[in-house]
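Enquirer: Sharing a structure, written as structure tokens. Questions coming.
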Amino acid sequence: MPTLHIIGNGFDLCHGIESQYSDFKKYAFSHCNSRFMCEFVGILETCYLQKNAEGTELELWCDLENALGKPDLKAAYKESTEDLELDIDHFMTTSSAMEDTAVCSFQDMFESFRELFEKWVESVDIDVGKIDIPYFDENGKFLTFNYTETLETLYHIPKDRINYIHGRRNTGETLVLGHNRHVDARLQESENDMLHEYEAIETMGNIVNFQKKDTDGIIAANRLYWLSLGDTGKVVVYGHSLNDIDMPYFKEIVSHTDDAVKWYFSVYGENETDRTKAVNHVEEFCNALSIRKFQIFSLP
């Protein structure tokens with residue numbers, strides 16, 4: 001019975017591949033070689049002000065997909081229109097200009113962000129060596145959330161046994177990146193907002209919602225793949241953060257595999273406290289999937 005390997009970014013990281021979002025941050029700032037790119041990164045950071053749990057870094061640069069669904073639209077509006085002023089004598093013209101500028105800047109920000117993100121992904125160096133991986137079955141099935149071809153290059157896994165669920169780099173495919181929230185722009189509006197500001201923020205909220213990951217569509221497009229998992233002997237999860245955004249994929253896997261199949265998870269922590277948190281996170285995630293305790297194992 002084949003093994004299903006579920007591959008997350010931690011798989012690449014443990015090989016020494018620099019594929020963290022913090023590496024993307026370095027790439028983004030090192031490529032601010034034009035006024036436009038500097039403005040884009042500036043608006044991006046102004047729009048996403050929330051910090052990580054430790055308060056040491058913007059969530060944008062350490063948990064990108066979750067961050068994308070939590071914008072500060074008012075801050076983004078002010079950032080993009082700070083050089084513009086309302087002219088009472090030409091109110092309609094100047095107010096429309098402020099609305100258009102805010103919306104266009106916001107749309108350009110996301111387009112530039114995605115372009116830069118894909119260029120960074122294409123630049124990630126995977127010239128590293130193989131490592132010993134527990135329960136790694138080269139003849140098994142592979143579902144990878146990574147964009148890199150690490151499995152093909154390092155372990156010579158045939159491409160037809162790998163499902164790049166979010167796309168593979170350097171193939172012309174659109175790389176899937178997105179959040180799982182619905183942004184209600186009305187919650188960021190106030191009674192003091194003028195009509196042009198209100199309408200700009202509404203449109204900006206719609207732009208953020210367009211960045212939502214279409215998990216339902218992706219699941220539907222992979223219907224035959226899920227059906228092929230019925231003979232799975234065990235599921236081994238390497239380096240996946242087990243975030244809520246990707247929960248629907250795991251639910252699909254659970255629904256198409258035997259209800260007694262064993263699940264093995266890699267657990268990483270720099271110290272005992274972090275490792276305990278990681279173990280608890282796995283247990284909570286499995287509980288949400290109705291995977292029972294006797295099915296859950298930690299990789300050595």
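Residues are referred to by chain and number: the chain letter is A, B, ... according to the order shown in the structure tokens, the number counts from 1 in that chain, and ligands are numbered separately from 1 in the order shown.
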Would you mind listing what lies within 10 Å of region 163-177 of chain A as a ChimeraX atom specification, with only C-alpha atoms counted and same-chain residues fewer than 4 positions away left out?

Expert: /A:6-7,64-65,68,114,117-119,121-124,141-149,159,211-215,218-219,221-222,225,249

Enquirer: Could you write out, as a VMD selection string, all the residues of region 52-115 of chain A that DSSP marks as helix (DSSP H, G or I)?

Expert: chain A and resid 59 to 61 64 to 68 73 to 81 88 to 115

Enquirer: To one decimal in Å, tell me the separation between CA of Val41 (chain A) and CA of Tyr198 (chain A).

Expert: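 Distance between the two atoms: 24.0 Å.
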
Enquirer: Give me the residues near Tyr268 (chain A) as an NGL selection string, where near means some atom within 10 Å (using only C-alpha atoms) and where sequence neighbours in that chain fewer than 3 positions away do not count.

Expert: :A and (10 or 14 or 239 or 265 or 271-272 or 274-279 or 299)

Enquirer: For a test of reading the model, state the distance in Å between CA of Val103 (chain A) and CA of Gly217 (chain A), rounded to one decimal.

Expert: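 Separating CA of Val103 (chain A) from CA of Gly217 (chain A) is a distance of 27.2 Å.
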
Enquirer: Excluding Glu85 (chain A) and any residue of its chain fewer than 5 positions from it, enumerate the residues within 10 Å of it, using only C-alpha atoms, and give them as a tab-separated table (two decimals) with N, CA and C atoms, in the first residue's frame.

Expert:
chain	number	residue	atom	x	y	z
A	91	PHE	N	-13.80	70.39	-6.28
A	91	PHE	CA	-13.99	69.26	-5.36
A	91	PHE	C	-14.19	67.94	-6.09
A	94	THR	N	-10.82	66.74	-7.72
A	94	THR	CA	-9.76	66.33	-6.79
A	94	THR	C	-10.17	65.13	-5.95
A	95	SER	N	-11.46	65.04	-5.57
A	95	SER	CA	-11.91	63.88	-4.79
A	95	SER	C	-11.85	62.61	-5.65
A	97	ALA	N	-9.80	62.15	-8.09
A	97	ALA	CA	-8.37	61.85	-8.25
A	97	ALA	C	-7.84	61.09	-7.05
A	98	MET	N	-8.27	61.48	-5.84
A	98	MET	CA	-7.82	60.80	-4.63
A	98	MET	C	-8.34	59.37	-4.59

Enquirer: Env of Phe210 (chain A): 12 Å cut, atoms = only C-alpha atoms, seq-sep filter 5 positions within chain, self excluded. Answer as a PyMOL selection string.

Expert: chain A and resi 68-69+107+110-111+177-183+203-205

Enquirer: So that I can check the surroundings of Ser255 (chain A), please list as a ChimeraX atom specification every protein, DNA and RNA residue that reaches within 12 Å of it, counting only C-alpha atoms and ignoring chain neighbours fewer than 3 positions away.

Expert: /A:226-230,232,248-252,258-261,289-291

Enquirer: Taking only region 29-277 of chain A into account, list the residues labelled strand (DSSP E) by DSSP (computed from the backbone), as a ChimeraX atom specification.

Expert: /A:141-144,162-164,234-238,262-265

Enquirer: Do you know which residues are at most 7 Å from Thr101 (chain A) counting only C-alpha atoms, after dropping those on the same chain fewer than 4 positions away, and could you put them as a ChimeraX atom specification?

Expert: /A:80-81,97,105

Enquirer: Include C-alpha atoms and write out the residues we just selected as a CSV table (one decimal), in the first residue's frame.

Expert:
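See selection_5.csv below for the written result:
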chain,number,residue,atom,x,y,z
A,80,SER,CA,-1.2,56.5,-1.3
A,81,THR,CA,-3.0,59.9,-1.1
A,97,ALA,CA,-8.4,61.9,-8.3
A,105,SER,CA,-1.9,52.3,-6.1
